[in-house]
$ cat start.txt   # compact mmCIF, C-alpha atoms
# COMPACT_ATOMS: atom_id res chain seq x y z
CA ILE A 39 -2.86 -21.00 -6.12
CA PRO A 40 -5.25 -19.63 -3.47
CA LEU A 41 -8.21 -20.00 -5.84
CA VAL A 42 -7.42 -23.68 -6.50
CA ALA A 43 -6.80 -24.37 -2.81
CA ALA A 44 -10.03 -22.65 -1.77
CA ALA A 45 -11.96 -24.54 -4.44
CA ALA A 46 -10.47 -27.78 -3.08
CA ILE A 47 -11.76 -26.96 0.40
CA VAL A 48 -15.17 -26.15 -1.08
CA ALA A 49 -15.18 -29.53 -2.81
CA ALA A 50 -14.23 -31.24 0.45
CA ALA A 51 -16.97 -29.39 2.30
CA TRP A 52 -19.45 -30.59 -0.32
CA PHE A 53 -19.07 -34.20 0.88
CA TRP A 54 -19.17 -33.45 4.61
CA PRO A 55 -22.12 -35.27 6.25
CA GLU A 56 -23.08 -32.13 8.14
CA PRO A 57 -22.33 -28.44 7.49
CA GLN A 58 -19.30 -27.31 9.48
CA GLY A 59 -19.54 -23.66 10.56
CA THR A 60 -19.42 -21.06 7.83
CA LEU A 61 -17.86 -23.51 5.37
CA GLY A 62 -21.04 -25.53 5.19
CA VAL A 63 -23.43 -22.62 4.78
CA GLY A 64 -24.81 -22.14 1.31
CA PHE A 65 -22.85 -24.96 -0.35
CA ARG A 66 -25.41 -27.72 -0.49
CA GLY A 67 -27.64 -27.75 -3.51
CA VAL A 68 -25.51 -25.17 -5.35
CA LYS A 69 -23.67 -26.27 -8.45
CA GLY A 70 -20.98 -24.69 -10.56
CA ILE A 71 -18.26 -22.22 -9.63
CA ALA A 72 -20.49 -19.96 -7.49
CA PRO A 73 -19.59 -21.62 -4.14
CA ALA A 74 -15.88 -21.31 -4.84
CA LEU A 75 -16.19 -17.66 -5.81
CA TRP A 76 -18.35 -16.95 -2.75
CA PHE A 77 -15.77 -18.68 -0.59
CA ILE A 78 -12.85 -16.72 -2.06
CA THR A 79 -14.54 -13.33 -1.77
CA THR A 80 -16.20 -13.63 1.64
CA GLN A 81 -14.07 -15.97 3.80
CA PRO A 82 -10.76 -14.16 4.48
CA VAL A 83 -10.25 -16.15 7.70
CA ILE A 84 -9.70 -19.27 5.57
CA VAL A 85 -8.29 -17.74 2.40
CA ALA A 86 -5.59 -15.65 4.08
CA PRO A 87 -3.92 -18.58 5.92
CA LEU A 88 -4.06 -20.52 2.65
CA VAL A 89 -2.21 -17.70 0.89
CA LEU A 90 0.40 -17.53 3.66
CA VAL A 91 1.00 -21.28 3.83
CA LEU A 92 1.03 -21.80 0.08
CA SER A 93 3.34 -18.81 -0.40
CA ALA A 94 5.79 -20.34 2.07
CA MET A 95 5.57 -23.67 0.24
CA VAL A 96 6.17 -21.98 -3.13
CA ALA A 97 9.17 -20.13 -1.69
CA ALA A 98 10.63 -23.35 -0.29
CA LEU A 99 10.12 -25.25 -3.54
CA TYR A 100 11.48 -22.35 -5.57
CA TYR A 101 14.77 -22.22 -3.70
CA TRP A 102 14.97 -26.00 -3.45
CA PHE A 103 14.72 -26.47 -7.21
CA ASP A 104 16.90 -23.43 -7.87
CA ARG A 105 19.87 -25.15 -6.22
CA ARG A 106 19.53 -28.51 -7.94
CA ASP A 107 19.43 -29.68 -11.51
CA LEU A 108 16.11 -31.51 -11.74
CA GLY A 109 15.44 -31.33 -15.45
CA LEU A 110 12.27 -29.35 -16.10
CA LEU A 111 12.08 -28.10 -12.49
CA TYR A 112 14.88 -25.59 -12.73
CA ARG A 113 14.74 -21.85 -12.41
CA GLY A 114 14.27 -21.15 -16.09
CA SER A 115 11.16 -23.31 -16.24
CA VAL A 116 9.74 -21.85 -13.02
CA GLU A 117 10.43 -18.31 -14.19
CA GLY A 118 8.97 -19.07 -17.60
CA PHE A 119 5.77 -20.38 -16.01
CA PHE A 120 5.23 -17.27 -13.91
CA LYS A 121 6.13 -15.06 -16.86
CA LYS A 122 3.19 -16.58 -18.71
CA PHE A 123 1.04 -16.84 -15.57
CA TRP A 124 1.03 -13.21 -14.43
CA PRO A 125 -1.94 -11.99 -16.56
CA PHE A 126 -4.03 -14.81 -15.08
CA GLY A 127 -2.63 -13.82 -11.68
CA LEU A 128 -4.22 -10.39 -12.08
CA ILE A 129 -7.62 -12.07 -12.48
CA LEU A 130 -6.99 -14.11 -9.33
CA LEU A 131 -5.95 -10.95 -7.51
CA ALA A 132 -9.15 -9.18 -8.54
CA LEU A 133 -11.23 -12.16 -7.35
CA LEU A 134 -9.43 -12.17 -4.00
CA LEU A 135 -9.91 -8.45 -3.42
CA TYR A 136 -13.47 -8.04 -4.65
CA HIS A 137 -16.17 -8.52 -2.04
CA PRO A 138 -19.58 -8.87 -3.75
CA GLY A 139 -21.36 -7.35 -0.75
CA LEU A 140 -19.19 -4.19 -0.78
CA PRO A 141 -19.19 -3.99 3.05
CA VAL A 142 -19.14 -0.51 4.56
CA ASP A 143 -18.75 1.11 7.95
CA PRO A 144 -20.59 4.46 7.92
CA HIS A 145 -18.62 5.74 10.92
CA HIS A 146 -15.22 5.34 9.26
CA TYR A 147 -16.51 6.23 5.80
CA HIS A 148 -17.92 9.49 7.10
CA TYR A 149 -14.40 10.74 7.83
CA PHE A 150 -13.88 10.87 4.06
CA LEU A 151 -17.33 11.27 2.57
CA GLY A 152 -18.42 13.87 5.13
CA ALA A 153 -15.72 16.27 3.91
CA VAL A 154 -16.53 15.40 0.29
CA ASN A 155 -20.22 16.13 0.88
CA ASP A 156 -19.30 19.46 2.52
CA VAL A 157 -17.32 20.44 -0.57
CA HIS A 158 -20.21 19.42 -2.83
CA GLN A 159 -22.52 21.59 -0.72
CA GLY A 160 -20.30 24.63 -1.27
CA LYS A 161 -18.22 24.59 1.91
CA GLY A 162 -14.58 25.29 1.24
CA LEU A 163 -11.97 22.92 2.63
CA LEU A 164 -9.64 24.94 4.90
CA TYR A 165 -12.40 27.56 5.16
CA GLU A 166 -15.67 26.17 6.53
CA THR A 167 -14.74 22.52 6.93
CA SER A 168 -11.71 20.33 7.52
CA HIS A 169 -10.64 16.73 7.09
CA LEU A 170 -8.78 14.43 9.47
CA TYR A 171 -6.87 12.64 6.72
CA GLY A 172 -5.43 15.42 4.62
CA LEU A 173 -6.29 17.79 1.81
CA PHE A 174 -5.51 16.57 -1.70
CA ASN A 175 -7.32 13.27 -1.16
CA VAL A 176 -10.56 15.16 -0.51
CA TYR A 177 -10.04 17.22 -3.67
CA PHE A 178 -9.52 13.96 -5.59
CA LEU A 179 -12.59 12.26 -4.11
CA ALA A 180 -14.72 15.38 -4.60
CA LEU A 181 -13.87 15.35 -8.32
CA LEU A 182 -14.32 11.57 -8.57
CA PHE A 183 -17.78 11.68 -6.96
CA LYS A 184 -18.83 14.28 -9.46
CA VAL A 185 -18.54 11.47 -12.02
CA ILE A 186 -19.82 8.52 -9.99
CA PRO A 187 -22.63 8.53 -7.40
CA LEU A 188 -21.70 9.69 -3.91
CA ALA A 189 -22.64 6.59 -1.90
CA TYR A 190 -21.05 4.32 0.67
CA PRO A 191 -20.99 1.20 -1.59
CA MET A 192 -19.36 3.20 -4.38
CA PHE A 193 -16.67 4.34 -1.96
CA ALA A 194 -16.10 0.70 -0.97
CA LEU A 195 -15.63 -0.07 -4.65
CA VAL A 196 -13.16 2.82 -4.97
CA VAL A 197 -11.15 1.48 -2.03
CA THR A 198 -11.15 -1.99 -3.63
CA VAL A 199 -9.82 -0.56 -6.89
CA VAL A 200 -7.13 1.35 -4.98
CA TYR A 201 -6.04 -1.87 -3.27
CA PHE A 202 -5.90 -3.60 -6.65
CA LEU A 203 -3.79 -0.83 -8.19
CA PHE A 204 -1.49 -0.84 -5.16
CA PHE A 205 -0.78 -4.57 -5.40
CA CYS A 206 -0.29 -4.27 -9.17
CA GLY A 207 2.21 -1.48 -8.53
CA MET A 208 4.05 -3.63 -5.99
CA PHE A 209 4.20 -6.44 -8.55
CA VAL A 210 5.76 -4.09 -11.10
CA PHE A 211 8.28 -2.85 -8.53
CA LEU A 212 9.26 -6.34 -7.34
CA ARG A 213 9.49 -7.58 -10.92
CA GLN A 214 11.87 -4.78 -11.86
CA TRP A 215 13.90 -4.85 -8.64
CA LEU A 216 14.29 -8.63 -8.28
CA ASN A 217 14.21 -9.30 -12.04
CA SER A 218 11.93 -12.27 -11.49
CA TYR A 219 8.27 -12.88 -12.25
CA ALA A 220 8.23 -15.78 -9.79
CA LEU A 221 9.59 -13.77 -6.87
CA ALA A 222 7.34 -10.83 -7.72
CA THR A 223 4.31 -13.14 -7.67
CA LEU A 224 5.47 -14.63 -4.38
CA GLY A 225 5.98 -11.18 -2.87
CA VAL A 226 2.51 -9.98 -3.82
CA SER A 227 0.95 -13.24 -2.59
CA ILE A 228 2.49 -12.47 0.82
CA LEU A 229 1.45 -8.82 0.79
CA VAL A 230 -2.20 -9.55 0.00
CA PRO A 231 -3.03 -11.37 3.25
CA ILE A 232 -0.85 -9.08 5.37
CA LEU A 233 -2.17 -5.79 3.97
CA TYR A 234 -5.70 -6.84 3.01
CA PHE A 235 -7.08 -9.96 4.70
CA PHE A 236 -5.36 -9.54 8.07
CA HIS A 237 -4.71 -5.81 7.92
CA THR A 238 -7.51 -4.80 10.28
CA SER A 239 -8.75 -8.13 11.64
CA ASP A 240 -8.95 -11.80 10.77
CA THR A 241 -12.75 -11.56 10.61
CA ARG A 242 -13.46 -7.96 9.54
CA SER A 243 -13.13 -6.75 5.97
CA ALA A 244 -10.35 -4.27 5.25
CA LEU A 245 -12.95 -2.25 3.33
CA PHE A 246 -14.45 -1.16 6.65
CA LEU A 247 -11.43 1.07 7.32
CA PRO A 248 -10.47 3.14 4.27
CA ALA A 249 -8.09 5.16 6.45
CA LEU A 250 -5.89 2.06 6.67
CA SER A 251 -5.94 1.46 2.92
CA PRO A 252 -3.52 2.57 0.17
CA LEU A 253 -5.94 5.44 -0.46
CA ARG A 254 -4.15 7.07 2.46
CA TRP A 255 -0.57 5.75 2.26
CA GLY A 256 -0.19 4.20 -1.19
CA TRP A 257 1.96 6.95 -2.67
CA TYR A 258 5.11 5.18 -1.63
CA VAL A 259 4.73 2.80 -4.63
CA PRO A 260 5.48 5.46 -7.30
CA VAL A 261 8.24 6.77 -5.03
CA LEU A 262 9.72 3.27 -4.86
CA LEU A 263 9.64 3.02 -8.66
CA ALA A 264 11.29 6.43 -9.01
CA ILE A 265 14.05 5.54 -6.52
CA LEU A 266 14.68 2.25 -8.29
CA ALA A 267 14.93 4.05 -11.64
CA TYR A 268 17.31 6.61 -10.11
CA ALA A 269 19.51 3.89 -8.59
CA ARG A 270 19.82 2.09 -11.92
CA SER A 271 20.13 5.00 -14.32
CA GLY A 272 21.68 7.73 -12.18
CA GLN A 273 19.40 10.30 -13.83
CA ARG A 274 18.49 12.96 -11.29
CA GLN A 275 15.10 13.56 -12.85
CA PHE A 276 13.90 10.39 -11.11
CA ALA A 277 15.17 11.71 -7.78
CA ARG A 278 13.27 14.94 -8.41
CA TRP A 279 10.13 12.95 -9.21
CA ALA A 280 10.50 11.02 -5.94
CA MET A 281 10.83 14.27 -3.97
CA ALA A 282 7.89 15.90 -5.76
CA ILE A 283 5.60 12.91 -5.13
CA SER A 284 6.67 12.74 -1.48
CA ALA A 285 6.06 16.45 -1.00
CA GLY A 286 2.62 16.07 -2.55
CA ALA A 287 1.91 13.12 -0.25
CA VAL A 288 2.27 15.47 2.75
CA PHE A 289 -0.72 17.44 1.47
CA TRP A 290 -2.52 14.28 0.41
CA ASN A 291 -2.38 12.89 3.96
CA PHE A 292 -0.20 14.65 6.50
CA ASP A 293 1.11 11.92 8.80
CA THR A 294 1.81 9.23 6.22
CA GLY A 295 3.13 11.92 3.87
CA VAL A 296 5.62 13.05 6.50
CA PHE A 297 6.85 9.47 6.99
CA LEU A 298 7.17 9.02 3.23
CA SER A 299 9.03 12.31 2.86
CA LEU A 300 11.49 11.46 5.63
CA ALA A 301 12.21 8.09 4.02
CA THR A 302 12.65 9.65 0.58
CA VAL A 303 14.97 12.42 1.75
CA ALA A 304 16.99 10.03 3.92
CA THR A 305 17.41 7.63 0.98
CA LEU A 306 18.53 10.33 -1.45
CA VAL A 307 20.90 11.84 1.13
CA TYR A 308 22.29 8.35 1.72
CA ARG A 309 22.90 8.03 -2.02
CA GLU A 310 24.91 11.26 -2.01
CA LEU A 311 27.01 10.16 0.98
CA ASN A 312 27.65 6.60 -0.16
CA PRO A 313 29.94 6.40 -1.98
CA GLY A 314 31.88 9.65 -1.94
CA TRP A 315 30.61 11.62 1.10
CA ASN A 316 29.13 14.26 -1.21
CA ILE A 317 28.02 16.77 1.44
CA ARG A 318 27.07 19.38 -1.14
CA GLY A 319 24.86 16.87 -2.93
CA ALA A 320 23.15 15.96 0.36
CA VAL A 321 22.45 19.64 1.05
CA ASN A 322 21.04 20.01 -2.47
CA VAL A 323 18.64 17.14 -1.77
CA LEU A 324 17.33 18.92 1.33
CA ARG A 325 17.01 22.18 -0.57
CA SER A 326 15.23 20.59 -3.54
CA PHE A 327 12.69 18.84 -1.33
CA SER A 328 12.03 22.02 0.65
CA LEU A 329 11.46 23.95 -2.58
CA SER A 330 9.06 21.24 -3.83
CA GLY A 331 6.99 21.45 -0.66
CA LEU A 332 7.03 25.25 -0.68
CA ALA A 333 5.94 25.31 -4.33
CA LEU A 334 2.96 23.04 -3.61
CA PHE A 335 2.01 25.08 -0.56
CA THR A 336 2.15 28.33 -2.55
CA LEU A 337 0.29 26.93 -5.55
CA THR A 338 -2.48 25.50 -3.34
CA SER A 339 -2.81 28.79 -1.48
CA PHE A 340 -3.11 30.84 -4.68
CA ILE A 341 -5.65 28.45 -6.22
CA ASN A 342 -7.79 28.66 -3.08
CA TRP A 343 -7.46 32.43 -3.07
CA GLY A 344 -8.60 32.53 -6.69
CA VAL A 345 -11.62 30.30 -5.98
CA TYR A 346 -12.77 31.65 -2.60
CA GLY A 347 -11.36 35.17 -2.65
CA SER A 348 -9.32 34.79 0.56
CA TRP A 349 -6.29 32.90 1.78
CA PRO A 350 -6.96 29.41 3.23
CA HIS A 351 -6.81 28.85 6.98
CA TRP A 352 -3.94 26.37 7.10
CA SER A 353 -4.47 25.92 10.83
CA LEU A 354 -7.48 23.73 9.90
CA PHE A 355 -5.14 21.37 8.03
CA LEU A 356 -3.86 19.88 11.28
CA ARG A 357 -6.72 20.78 13.62
CA GLU A 358 -8.12 17.25 13.98
CA SER A 359 -4.77 15.47 13.74
CA ARG A 360 -3.48 17.25 16.83
CA TYR A 361 -5.87 15.30 19.07
CA PHE A 362 -4.41 12.01 17.90
CA ALA A 363 -0.86 13.33 18.20
CA LEU A 364 -1.59 13.93 21.88
CA GLY A 365 -2.48 10.26 22.34
CA ALA A 366 -6.23 10.05 21.71
CA ALA A 367 -7.43 6.55 20.77
CA MET A 368 -3.90 5.18 21.07
CA HIS A 369 -2.93 2.08 23.03
CA PRO A 370 0.54 0.92 24.11
CA LEU A 371 2.00 -2.08 22.33
CA PRO A 372 2.41 -5.28 24.34
CA PRO A 373 5.93 -6.01 25.60
CA PHE A 374 6.11 -9.15 23.43
CA GLY A 375 4.40 -9.83 20.13
CA LEU A 376 4.80 -10.74 16.47
CA TYR A 377 5.27 -7.07 15.63
CA GLN A 378 8.77 -7.36 17.10
CA ILE A 379 9.82 -9.52 14.14
CA VAL A 380 9.08 -6.58 11.85
CA PHE A 381 10.60 -4.07 14.25
CA TYR A 382 13.88 -5.95 14.65
CA GLY A 383 13.95 -6.64 10.93
CA TYR A 384 13.90 -2.92 10.30
CA LEU A 385 16.58 -2.36 12.95
CA LEU A 386 18.77 -4.98 11.30
CA CYS A 387 18.45 -3.36 7.87
CA LEU A 388 19.16 0.04 9.42
CA ALA A 389 22.28 -1.28 11.15
CA VAL A 390 23.53 -2.86 7.91
CA SER A 391 22.89 0.38 6.00
CA ILE A 392 24.82 2.43 8.55
CA TYR A 393 27.66 -0.10 8.56
CA GLN A 394 27.86 0.03 4.76
CA LEU A 395 27.79 3.82 4.87
CA VAL A 396 30.70 4.00 7.31
CA HIS A 397 32.71 1.58 5.17
CA GLN A 398 31.53 3.22 1.91
CA LYS A 399 30.05 0.02 0.50
CA ALA A 400 27.08 0.11 -1.82
CA VAL A 401 23.56 -0.79 -0.64
CA ALA A 402 20.50 -1.13 -2.87
CA LEU A 403 18.62 2.18 -2.60
CA PRO A 404 15.15 0.57 -2.50
CA LEU A 405 16.29 -1.43 0.55
CA VAL A 406 17.48 1.77 2.23
CA PHE A 407 14.13 3.39 1.47
CA LEU A 408 12.09 0.43 2.75

$ encode --input "start.txt" --output "structure tokens"
Amino acid sequence: IPLVAAAAIVAAAWFWPEPQGTLGVGFRGVKGIAPALWFITTQPVIVAPLVLVLSAMVAALYYWFDRRDLGLLYRGSVEGFFKKFWPFGLILLALLLYHPGLPVDPHHYHYFLGAVNDVHQGKGLLYETSHLYGLFNVYFLALLFKVIPLAYPMFALVVTVVYFLFFCGMFVFLRQWLNSYALATLGVSILVPILYFFHTSDTRSALFLPALSPLRWGWYVPVLLAILAYARSGQRQFARWAMAISAGAVFWNFDTGVFLSLATVATLVYRELNPGWNIRGAVNVLRSFSLSGLALFTLTSFINWGVYGSWPHWSLFLRESRYFALGAAMHPLPPFGLYQIVFYGYLLCLAVSIYQLVHQKAVALPLVFL
């Protein structure tokens, strides 16, 4: 949908008597699909509103036709279309996310690649160097950049791939949770502009800020899938997987890992208390998560001791984060803004969850987690 709409705007711009801003640059005298692809991959200011507006239109049409018998335009036909469409949707998603220029911001990239370069030069993480955004992510990147060249454009490509995998994971989750290819496609088409095109700015590429990408906080997708599997099957192995991934996310990136862990533990405790008020089960959840975190801490410490011959200095793990916890580079939110829609939406879901808990009525676990 966004590709066709963007191509339509490109075609309209082709016949404009004079170039209009960035839309008119580079179009004249160029034939074929190149202008449309350039437009899709480099003009998020135009593409993102198209995605938002068209997603709203698709949602309205979907529910309109779902409530009326209009022959071919009923839910089965719509669902069947998106069921066949989703592989092509992955191609569209890749085109939307890929920026041919691979834009970089050396300042923000250095927060990651500086620590990786230190490790490659023989400096031990938690010994002679530290990293603002965690521990395990540096280990992962250090291994990855042993295989691919250590360069800023390559890191931009890695971040792009991580975004792609994240949105694919959200499609899988929404497809399984809502049991609808159409709604899963709609959900992802809303997430893409919010978390990619408009995530950092309406004019600046999200690739400039890898710290705001799923490379830092994307672990909640496998946790979501594990919680959904646990809610549907009741098999505790999925709950254990969710706790293990959340505990690992704390060491991957401390602040987002803590938020993820709190959400995971709260959701699993909620499941034990509703229905049945199983206090012992809730305590077991807390104990299991604590043991998972302690096991990862111990294993990491022993591996570092085996490699470097001394215990790691865990005080370096949070050394740089403490400055931001004290308020550095933080600004107060305005008293009124669009963010309040999200904030009050969360408060509403929280109030409903608590109400259902008090009255011992079931609530979908993924909703509690989110």

$ atom_distance --input "start.txt" --atom1 "atom CA of Leu99 of chain A" --atom2 "atom CA of Phe211 of chain A"
23.0 Å

$ atom_distance --input "start.txt" --atom1 "atom CA of His351 of chain A" --atom2 "atom CA of Leu164 of chain A"
5.3 Å

$ closest_residue --input "start.txt" --among "A:Asp156, A:Phe205, A:Tyr219, A:Gly139" --to "Phe120 of chain A" --atoms "all atoms listed in the file"
A:Tyr219

$ closest_residue --input "start.txt" --among "A:Cys206, A:Ala222, A:Leu386, A:Val154" --to "Leu182 of chain A" --atoms "all atoms listed in the file"
A:Val154

$ residues_around --input "start.txt" --residues "segment 387-398 of chain A" --least-positions-apart "3" --cutoff "8 Å" --atoms "only C-alpha atoms" --output "number ranges by chain"
A: 308, 311-314, 383-384, 401, 405-406

$ atom_distance --input "start.txt" --atom1 "atom CA of Val157 of chain A" --atom2 "atom CA of Ala282 of chain A"
26.1 Å

$ closest_residue --input "start.txt" --among "A:Phe123, A:Tyr346, A:Tyr147, A:Phe276" --to "Pro191 of chain A" --atoms "only C-alpha atoms"
A:Tyr147
